[in-house]
Structures are given as structure tokens and as C-alpha cells.
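Trainee: Can you read through this structure? Questions will come right after.
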Amino acid sequence: LRRPSLRLAPRQQTAVPLAFDPRVIAEHHAVVRVETDYRGERLMWRYPVRGMVNAPVQLRAVRLACKAKTSQQREVRLRLKNLAELAPGGEDFEFEVAADDPEAGAFAKRALALKPVKLHLDSITDELRFDATFRPLRAFAGSVHLVVRRETGGRWPFEVQLEATEPEPDDTIALEASLHHTAKARFALVNSLSTNFEPFSAYFTTDSSRALAVQPTQGLLAPVGAEGTAFEVAFAPTKYSMLERGRLVVKTAETTWSYEVRGTNPPFVVPEATTKIDTHMSARYLRN
């Protein structure tokens, strides 16, 4: 404290600054006492102080990456830096997954599973171990934190980077249309992961042919047990081409369906023509 003693007027307030500079990651305790003499009596107020230490985010992140609708499994080993001495017989630790971004947190809740293998440390050089399973249902890139907590105080956040790339197509749709004509294909889709109608968006990726279109582009996707939501894919070529391609994506908050769409023109048939040459001259042109 910069001013260990001061005088206050009646009903005057003042701030008492505290400094906390821990050297190890453990819980620290202190008591701040405020004393005064009032009419010959000694008065004292006691304020317990509890200091919690958060370790900085580790520079080396845990990275999990795979295609959507596939999975990746790996063992994660974590060493707790600046860990204070453990109690005799070692200590147990707890963990949680936290996220600054609500979208990343919701995605990790559905796609990431952490199974603790070893949460007890016998020495400060020992490691915690987890079995991590990453099973994303849609494309995503972001990060969350695996936070390790010590019962006697201290938190160690470890960054977990999650990357799910676009999945392989669920199916292929083939359309054939003549120039300046439109061919259409219809299909129904249900959300097998939900029992409620869920908002969806449907679109072709930016690298798709402009001759391809889908309707509807948004709405509510039917759940299991209901009649599927109907989609219509159209192919309207404006020029001759060997093949027009596109990637159709139907996305909800939880998962993604994708389709490879191929548009072609009918085969061109060369007209057959007969050629006849008369090699005989008429008799009236012949001379005796």
C-alpha cells in the first residue's frame, strides 16, 4: 500500500489499491486490515483476499483438422507450466472447454469430444492426457480453449484449433438441356439430426456454373418423420459446352449436405445427306 495511514472525513470514501504479482500458479491468500481509534476504542475491519492465477495461453496450440462428415482421433498431452509444488500423493485436476466466440463454442459442443485419460499428477513434470475425437458435420474454422483447473487455485488455458473443410459430395445430380431450354430435377431432404424444423440456406458455391440454380434458397428443413422439404435444381445453358459443373450446398446450424451437379447438352447428331452424281449424258447431247 502506498499510504499505510490516512485521515478520512465523516462519510468520505477512499480506494485501497492492491498489487498481485504471483511467481507460481497456485491460489494465494491474504488479509487486508483497516484499523482506527474511535473515542478511545480500537476498531478494525478485516477483508480476506483470494488471489487466483491464470497461466498465459500456451504458444503451441492443439490442432484438429479433417473433412466434414469424417473424423479425426488423437491423444493430447498437456504439461502445466509454472505449476507450484503438489500435495503429497499428487493432485487431481479438472477441465472444461471454453470459447470467446459463441459460434465456435456451439460448434465445439457438437463436434469435439474430450475423454480424460489422466487427470492426476504425481509430480510437476507429469502430463495430463486426453483422447480427443473431432467429428464435424459441416465446414468450419475457429478455436476454443481447453482450460485446466486446479482445486487449490490456478487455471491453464490451451488453445484448440478446429478446422473442418468441405465434405465430399453426398450425391450427384445430372441434367441435360438444349441451348436456351431448361432442365429441372427435384428431390426431397429431411434433417436426420433433429426432431424439429430447422432454418436452412441453399446455394451454389461461387465457382459453380451460372447456368445452374436452386429453389428455395432458404426456409425450414423438415425433421425425421415428416415429409421432406422439396428442392428444385435447374439447368439453363446459354452456350454450348461439353460440361457445366456446380456444387450445391444445403446448410443448417448443425450440418451440411452437398451435391455435385453436372449439366450437359444433348449429343449433336450430324445430319446425314446423300450425294448423287449422274455420269451419263443425255442422248440428245450425243452426236452420231
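Note on naming: chains are A, B, ... as they come in the C-alpha cells, residues start from 1 per chain, ligands start from 1 in the order shown.
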Run DSSP on the backbone and tell me which residues of region 29-268 of chain A come out as helix (DSSP H, G or I); list them as a VMD selection string.

Mentor: chain A and resid 102 to 111

Trainee: Taking 3 positions as the minimum chain separation for residues in the same chain, which residues sit within 10 Å of region 202-213 of chain A when counting only C-alpha atoms? Answer as number ranges by chain.

Mentor: A: 175, 182-184, 216-219, 231-239, 243-252, 256-263

Trainee: So which bits of region 163-288 of chain A end up strand (DSSP E or B) when you DSSP the backbone, as a PDB file with N, CA and C atoms, in the first residue's frame?

Mentor:
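Just written: part.pdb:
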```pdb
ATOM      1  N   GLU A 163     -10.531 -27.145 -37.493  1.00  0.00           N
ATOM      2  CA  GLU A 163     -10.719 -26.842 -38.914  1.00  0.00           C
ATOM      3  C   GLU A 163     -11.399 -28.023 -39.601  1.00  0.00           C
ATOM      4  N   ALA A 164     -12.566 -27.764 -40.157  1.00  0.00           N
ATOM      5  CA  ALA A 164     -13.302 -28.762 -40.928  1.00  0.00           C
ATOM      6  C   ALA A 164     -13.480 -28.223 -42.342  1.00  0.00           C
ATOM      7  N   THR A 165     -12.892 -28.897 -43.308  1.00  0.00           N
ATOM      8  CA  THR A 165     -13.006 -28.470 -44.698  1.00  0.00           C
ATOM      9  C   THR A 165     -14.284 -29.034 -45.319  1.00  0.00           C
ATOM     10  N   ASP A 171     -24.147 -36.745 -53.062  1.00  0.00           N
ATOM     11  CA  ASP A 171     -24.739 -37.383 -54.231  1.00  0.00           C
ATOM     12  C   ASP A 171     -24.400 -36.552 -55.468  1.00  0.00           C
ATOM     13  N   THR A 172     -24.745 -37.079 -56.631  1.00  0.00           N
ATOM     14  CA  THR A 172     -24.521 -36.392 -57.908  1.00  0.00           C
ATOM     15  C   THR A 172     -25.848 -36.226 -58.627  1.00  0.00           C
ATOM     16  N   ILE A 173     -26.081 -35.039 -59.148  1.00  0.00           N
ATOM     17  CA  ILE A 173     -27.288 -34.745 -59.918  1.00  0.00           C
ATOM     18  C   ILE A 173     -26.869 -34.428 -61.347  1.00  0.00           C
ATOM     19  N   ALA A 174     -27.421 -35.147 -62.333  1.00  0.00           N
ATOM     20  CA  ALA A 174     -27.096 -34.944 -63.740  1.00  0.00           C
ATOM     21  C   ALA A 174     -28.301 -34.381 -64.472  1.00  0.00           C
ATOM     22  N   LEU A 175     -28.093 -33.302 -65.228  1.00  0.00           N
ATOM     23  CA  LEU A 175     -29.151 -32.645 -66.008  1.00  0.00           C
ATOM     24  C   LEU A 175     -28.694 -32.487 -67.446  1.00  0.00           C
ATOM     25  N   GLU A 176     -29.664 -32.581 -68.368  1.00  0.00           N
ATOM     26  CA  GLU A 176     -29.364 -32.402 -69.790  1.00  0.00           C
ATOM     27  C   GLU A 176     -30.392 -31.452 -70.381  1.00  0.00           C
ATOM     28  N   ALA A 183     -33.734 -27.597 -67.998  1.00  0.00           N
ATOM     29  CA  ALA A 183     -33.986 -28.923 -67.439  1.00  0.00           C
ATOM     30  C   ALA A 183     -34.024 -28.809 -65.927  1.00  0.00           C
ATOM     31  N   LYS A 184     -34.916 -29.571 -65.277  1.00  0.00           N
ATOM     32  CA  LYS A 184     -35.078 -29.472 -63.833  1.00  0.00           C
ATOM     33  C   LYS A 184     -35.038 -30.858 -63.194  1.00  0.00           C
ATOM     34  N   ALA A 185     -34.534 -30.888 -61.964  1.00  0.00           N
ATOM     35  CA  ALA A 185     -34.533 -32.107 -61.150  1.00  0.00           C
ATOM     36  C   ALA A 185     -35.056 -31.746 -59.770  1.00  0.00           C
ATOM     37  N   ARG A 186     -35.873 -32.605 -59.219  1.00  0.00           N
ATOM     38  CA  ARG A 186     -36.471 -32.354 -57.901  1.00  0.00           C
ATOM     39  C   ARG A 186     -36.097 -33.475 -56.954  1.00  0.00           C
ATOM     40  N   PHE A 187     -35.857 -33.103 -55.684  1.00  0.00           N
ATOM     41  CA  PHE A 187     -35.588 -34.090 -54.650  1.00  0.00           C
ATOM     42  C   PHE A 187     -36.060 -33.544 -53.313  1.00  0.00           C
ATOM     43  N   ALA A 188     -36.285 -34.446 -52.367  1.00  0.00           N
ATOM     44  CA  ALA A 188     -36.737 -34.064 -51.019  1.00  0.00           C
ATOM     45  C   ALA A 188     -35.638 -34.404 -50.018  1.00  0.00           C
ATOM     46  N   LEU A 189     -35.504 -33.558 -48.999  1.00  0.00           N
ATOM     47  CA  LEU A 189     -34.446 -33.723 -48.000  1.00  0.00           C
ATOM     48  C   LEU A 189     -35.041 -33.578 -46.609  1.00  0.00           C
ATOM     49  N   VAL A 190     -34.621 -34.466 -45.687  1.00  0.00           N
ATOM     50  CA  VAL A 190     -35.023 -34.375 -44.279  1.00  0.00           C
ATOM     51  C   VAL A 190     -33.786 -34.228 -43.423  1.00  0.00           C
ATOM     52  N   ASN A 191     -33.947 -33.581 -42.292  1.00  0.00           N
ATOM     53  CA  ASN A 191     -32.846 -33.394 -41.342  1.00  0.00           C
ATOM     54  C   ASN A 191     -32.858 -34.552 -40.354  1.00  0.00           C
ATOM     55  N   GLU A 198     -35.787 -26.944 -38.859  1.00  0.00           N
ATOM     56  CA  GLU A 198     -34.609 -26.108 -38.655  1.00  0.00           C
ATOM     57  C   GLU A 198     -34.409 -25.172 -39.847  1.00  0.00           C
ATOM     58  N   PRO A 199     -34.024 -23.908 -39.591  1.00  0.00           N
ATOM     59  CA  PRO A 199     -33.738 -22.989 -40.711  1.00  0.00           C
ATOM     60  C   PRO A 199     -32.581 -23.513 -41.552  1.00  0.00           C
ATOM     61  N   PHE A 200     -32.671 -23.305 -42.866  1.00  0.00           N
ATOM     62  CA  PHE A 200     -31.599 -23.734 -43.760  1.00  0.00           C
ATOM     63  C   PHE A 200     -31.356 -22.659 -44.811  1.00  0.00           C
ATOM     64  N   SER A 201     -30.202 -22.750 -45.449  1.00  0.00           N
ATOM     65  CA  SER A 201     -29.888 -21.946 -46.631  1.00  0.00           C
ATOM     66  C   SER A 201     -29.364 -22.889 -47.693  1.00  0.00           C
ATOM     67  N   ALA A 202     -29.725 -22.641 -48.955  1.00  0.00           N
ATOM     68  CA  ALA A 202     -29.297 -23.472 -50.078  1.00  0.00           C
ATOM     69  C   ALA A 202     -28.691 -22.561 -51.137  1.00  0.00           C
ATOM     70  N   TYR A 203     -27.551 -22.959 -51.672  1.00  0.00           N
ATOM     71  CA  TYR A 203     -26.865 -22.105 -52.639  1.00  0.00           C
ATOM     72  C   TYR A 203     -25.846 -22.927 -53.414  1.00  0.00           C
ATOM     73  N   PHE A 204     -25.431 -22.378 -54.555  1.00  0.00           N
ATOM     74  CA  PHE A 204     -24.312 -22.936 -55.308  1.00  0.00           C
ATOM     75  C   PHE A 204     -23.057 -22.162 -54.929  1.00  0.00           C
ATOM     76  N   LEU A 212     -26.644 -22.864 -63.522  1.00  0.00           N
ATOM     77  CA  LEU A 212     -27.290 -23.693 -62.511  1.00  0.00           C
ATOM     78  C   LEU A 212     -27.954 -22.815 -61.459  1.00  0.00           C
ATOM     79  N   ALA A 213     -29.117 -23.255 -60.978  1.00  0.00           N
ATOM     80  CA  ALA A 213     -29.849 -22.509 -59.951  1.00  0.00           C
ATOM     81  C   ALA A 213     -30.619 -23.487 -59.075  1.00  0.00           C
ATOM     82  N   VAL A 214     -30.970 -23.041 -57.850  1.00  0.00           N
ATOM     83  CA  VAL A 214     -31.719 -23.879 -56.924  1.00  0.00           C
ATOM     84  C   VAL A 214     -32.827 -23.061 -56.281  1.00  0.00           C
ATOM     85  N   GLN A 215     -33.936 -23.708 -56.008  1.00  0.00           N
ATOM     86  CA  GLN A 215     -35.057 -23.125 -55.278  1.00  0.00           C
ATOM     87  C   GLN A 215     -35.620 -24.184 -54.334  1.00  0.00           C
ATOM     88  N   GLN A 218     -33.836 -20.592 -49.052  1.00  0.00           N
ATOM     89  CA  GLN A 218     -33.898 -20.590 -47.591  1.00  0.00           C
ATOM     90  C   GLN A 218     -35.278 -21.022 -47.156  1.00  0.00           C
ATOM     91  N   GLY A 219     -35.393 -21.435 -45.909  1.00  0.00           N
ATOM     92  CA  GLY A 219     -36.668 -21.896 -45.383  1.00  0.00           C
ATOM     93  C   GLY A 219     -36.450 -22.765 -44.166  1.00  0.00           C
ATOM     94  N   LEU A 220     -37.360 -23.705 -43.920  1.00  0.00           N
ATOM     95  CA  LEU A 220     -37.284 -24.624 -42.793  1.00  0.00           C
ATOM     96  C   LEU A 220     -37.147 -26.042 -43.326  1.00  0.00           C
ATOM     97  N   LEU A 221     -36.131 -26.747 -42.839  1.00  0.00           N
ATOM     98  CA  LEU A 221     -35.881 -28.110 -43.277  1.00  0.00           C
ATOM     99  C   LEU A 221     -36.668 -29.075 -42.400  1.00  0.00           C
ATOM    100  N   ALA A 222     -37.355 -30.003 -43.055  1.00  0.00           N
ATOM    101  CA  ALA A 222     -38.224 -30.938 -42.345  1.00  0.00           C
ATOM    102  C   ALA A 222     -37.407 -31.926 -41.516  1.00  0.00           C
ATOM    103  N   PRO A 223     -37.918 -32.306 -40.338  1.00  0.00           N
ATOM    104  CA  PRO A 223     -37.203 -33.273 -39.489  1.00  0.00           C
ATOM    105  C   PRO A 223     -37.561 -34.702 -39.873  1.00  0.00           C
ATOM    106  N   THR A 229     -38.447 -31.679 -47.187  1.00  0.00           N
ATOM    107  CA  THR A 229     -38.508 -30.375 -47.853  1.00  0.00           C
ATOM    108  C   THR A 229     -38.085 -30.553 -49.307  1.00  0.00           C
ATOM    109  N   ALA A 230     -38.902 -30.029 -50.239  1.00  0.00           N
ATOM    110  CA  ALA A 230     -38.656 -30.215 -51.670  1.00  0.00           C
ATOM    111  C   ALA A 230     -37.699 -29.152 -52.199  1.00  0.00           C
ATOM    112  N   PHE A 231     -36.750 -29.582 -53.010  1.00  0.00           N
ATOM    113  CA  PHE A 231     -35.805 -28.686 -53.682  1.00  0.00           C
ATOM    114  C   PHE A 231     -35.883 -28.935 -55.186  1.00  0.00           C
ATOM    115  N   GLU A 232     -35.649 -27.858 -55.943  1.00  0.00           N
ATOM    116  CA  GLU A 232     -35.657 -27.956 -57.400  1.00  0.00           C
ATOM    117  C   GLU A 232     -34.370 -27.354 -57.941  1.00  0.00           C
ATOM    118  N   VAL A 233     -33.639 -28.137 -58.714  1.00  0.00           N
ATOM    119  CA  VAL A 233     -32.388 -27.699 -59.333  1.00  0.00           C
ATOM    120  C   VAL A 233     -32.634 -27.517 -60.824  1.00  0.00           C
ATOM    121  N   ALA A 234     -32.233 -26.364 -61.358  1.00  0.00           N
ATOM    122  CA  ALA A 234     -32.476 -26.046 -62.766  1.00  0.00           C
ATOM    123  C   ALA A 234     -31.160 -25.839 -63.495  1.00  0.00           C
ATOM    124  N   PHE A 235     -31.154 -26.279 -64.770  1.00  0.00           N
ATOM    125  CA  PHE A 235     -30.004 -26.088 -65.651  1.00  0.00           C
ATOM    126  C   PHE A 235     -30.502 -25.443 -66.930  1.00  0.00           C
ATOM    127  N   GLU A 244     -21.059 -28.528 -67.759  1.00  0.00           N
ATOM    128  CA  GLU A 244     -21.173 -27.456 -66.767  1.00  0.00           C
ATOM    129  C   GLU A 244     -21.246 -28.111 -65.384  1.00  0.00           C
ATOM    130  N   ARG A 245     -20.437 -27.606 -64.450  1.00  0.00           N
ATOM    131  CA  ARG A 245     -20.390 -28.186 -63.109  1.00  0.00           C
ATOM    132  C   ARG A 245     -20.794 -27.177 -62.047  1.00  0.00           C
ATOM    133  N   GLY A 246     -21.242 -27.690 -60.919  1.00  0.00           N
ATOM    134  CA  GLY A 246     -21.556 -26.837 -59.782  1.00  0.00           C
ATOM    135  C   GLY A 246     -21.627 -27.645 -58.506  1.00  0.00           C
ATOM    136  N   ARG A 247     -21.417 -26.979 -57.371  1.00  0.00           N
ATOM    137  CA  ARG A 247     -21.532 -27.619 -56.055  1.00  0.00           C
ATOM    138  C   ARG A 247     -22.715 -26.979 -55.323  1.00  0.00           C
ATOM    139  N   LEU A 248     -23.759 -27.766 -55.125  1.00  0.00           N
ATOM    140  CA  LEU A 248     -24.943 -27.313 -54.400  1.00  0.00           C
ATOM    141  C   LEU A 248     -24.765 -27.625 -52.925  1.00  0.00           C
ATOM    142  N   VAL A 249     -25.012 -26.634 -52.067  1.00  0.00           N
ATOM    143  CA  VAL A 249     -24.849 -26.788 -50.622  1.00  0.00           C
ATOM    144  C   VAL A 249     -26.163 -26.460 -49.935  1.00  0.00           C
ATOM    145  N   VAL A 250     -26.598 -27.349 -49.048  1.00  0.00           N
ATOM    146  CA  VAL A 250     -27.747 -27.096 -48.176  1.00  0.00           C
ATOM    147  C   VAL A 250     -27.214 -27.135 -46.751  1.00  0.00           C
ATOM    148  N   LYS A 251     -27.347 -26.017 -46.047  1.00  0.00           N
ATOM    149  CA  LYS A 251     -26.679 -25.877 -44.743  1.00  0.00           C
ATOM    150  C   LYS A 251     -27.677 -25.492 -43.656  1.00  0.00           C
ATOM    151  N   THR A 256     -24.272 -30.022 -42.984  1.00  0.00           N
ATOM    152  CA  THR A 256     -24.262 -29.581 -44.370  1.00  0.00           C
ATOM    153  C   THR A 256     -24.481 -30.781 -45.277  1.00  0.00           C
ATOM    154  N   TRP A 257     -25.265 -30.586 -46.324  1.00  0.00           N
ATOM    155  CA  TRP A 257     -25.378 -31.554 -47.402  1.00  0.00           C
ATOM    156  C   TRP A 257     -24.844 -30.893 -48.665  1.00  0.00           C
ATOM    157  N   SER A 258     -24.124 -31.643 -49.473  1.00  0.00           N
ATOM    158  CA  SER A 258     -23.582 -31.080 -50.708  1.00  0.00           C
ATOM    159  C   SER A 258     -23.805 -32.068 -51.858  1.00  0.00           C
ATOM    160  N   TYR A 259     -24.002 -31.506 -53.038  1.00  0.00           N
ATOM    161  CA  TYR A 259     -24.279 -32.306 -54.223  1.00  0.00           C
ATOM    162  C   TYR A 259     -23.446 -31.777 -55.387  1.00  0.00           C
ATOM    163  N   GLU A 260     -22.865 -32.673 -56.130  1.00  0.00           N
ATOM    164  CA  GLU A 260     -22.197 -32.298 -57.366  1.00  0.00           C
ATOM    165  C   GLU A 260     -23.232 -32.317 -58.481  1.00  0.00           C
ATOM    166  N   VAL A 261     -23.409 -31.181 -59.131  1.00  0.00           N
ATOM    167  CA  VAL A 261     -24.413 -31.048 -60.195  1.00  0.00           C
ATOM    168  C   VAL A 261     -23.680 -30.925 -61.528  1.00  0.00           C
ATOM    169  N   ARG A 262     -24.089 -31.746 -62.483  1.00  0.00           N
ATOM    170  CA  ARG A 262     -23.482 -31.740 -63.815  1.00  0.00           C
ATOM    171  C   ARG A 262     -24.550 -31.448 -64.859  1.00  0.00           C
ATOM    172  N   GLY A 263     -24.272 -30.459 -65.672  1.00  0.00           N
ATOM    173  CA  GLY A 263     -25.193 -30.095 -66.751  1.00  0.00           C
ATOM    174  C   GLY A 263     -24.539 -30.309 -68.109  1.00  0.00           C
ATOM    175  N   THR A 264     -25.250 -30.982 -69.006  1.00  0.00           N
ATOM    176  CA  THR A 264     -24.724 -31.256 -70.342  1.00  0.00           C
ATOM    177  C   THR A 264     -25.757 -30.901 -71.400  1.00  0.00           C
TER     178      THR A 264
END
```

Trainee: Please list as a list in words every residue within 7 Å of region 138-155 of chain A, counting only C-alpha atoms and excluding residues in the same chain fewer than 4 positions away.

Mentor: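 So the residues in contact are Ile25, Ala26, Glu27, Met52, Val53, Asn54, Ala55, Ala68, Lys69, Phe93, Glu94, Phe95, Glu96, Val97, Ala98, Ala99, Ala104, Gly105, Glu159, Val160, Gln161, Leu162, Glu163, Ala164, Thr165, Glu166, Glu254, Thr255 and Thr256 of chain A.
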
Trainee: Region 15-108 of chain A near region 115-123 of chain A within 9 Å: what's each residue's closest atom pair and its distance in Å to one decimal, counting only C-alpha atoms, ordered by chain then ascending residue number, as a tab-separated table?

Mentor:
```
residue	atom	partner	partner_atom	distance
A:Glu85	CA	A:Ser123	CA	7.8
A:Leu86	CA	A:Ser123	CA	6.7
A:Ala87	CA	A:Asp122	CA	8.7
A:Pro88	CA	A:Asp122	CA	8.3
A:Gly89	CA	A:Asp122	CA	6.4
A:Gly90	CA	A:Asp122	CA	4.1
A:Glu91	CA	A:Leu121	CA	5.6
A:Asp92	CA	A:His120	CA	4.4
A:Phe93	CA	A:Leu119	CA	5.4
A:Glu94	CA	A:Leu119	CA	7.0
A:Phe95	CA	A:Leu119	CA	8.7
```

Trainee: Write a file of the selected residues as a CSV table (one decimal), in the first residue's frame, keeping C-alpha atoms.

Mentor:
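Below you can see again-v2.csv, which holds the result:
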```
chain,number,residue,atom,x,y,z
A,85,GLU,CA,4.6,-27.9,-5.7
A,86,LEU,CA,1.9,-30.6,-5.5
A,87,ALA,CA,0.4,-32.0,-2.3
A,88,PRO,CA,1.9,-35.3,-1.0
A,89,GLY,CA,0.4,-38.1,-3.1
A,90,GLY,CA,-0.3,-35.8,-6.0
A,91,GLU,CA,-3.4,-33.9,-7.0
A,92,ASP,CA,-6.4,-34.2,-9.3
A,93,PHE,CA,-7.3,-31.6,-11.9
A,94,GLU,CA,-10.5,-30.6,-13.7
A,95,PHE,CA,-11.0,-29.3,-17.2
```

Trainee: Have a look at A:Val34, A:Arg46, A:Pro271, A:Pro266 and name the one nearest to Ser178 (chain A); count only C-alpha atoms.

Mentor: A:Pro266

Trainee: So how many Å separate CA of His29 (chain A) and CA of Pro17 (chain A), to one decimal?

Mentor: 16.0 Å

Trainee: So which one's closest to Leu78 (chain A), A:Lys109, A:Arg60, A:Arg129, A:Arg33? Using only C-alpha atoms, please.

Mentor: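 Using only C-alpha atoms, Leu78 (chain A) sits closest to A:Arg129.
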
Trainee: For CA of Glu272 (chain A) and CA of His180 (chain A), determine how far apart the two atoms are, in Å to one decimal place.

Mentor: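 Pair CA of Glu272 (chain A) / CA of His180 (chain A) returns 24.9 Å.
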
Trainee: If I take CA of Leu112 (chain A) and CA of Leu64 (chain A), how far is one from the other in Å, to one decimal?

Mentor: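 Those two atoms sit 9.3 Å apart.
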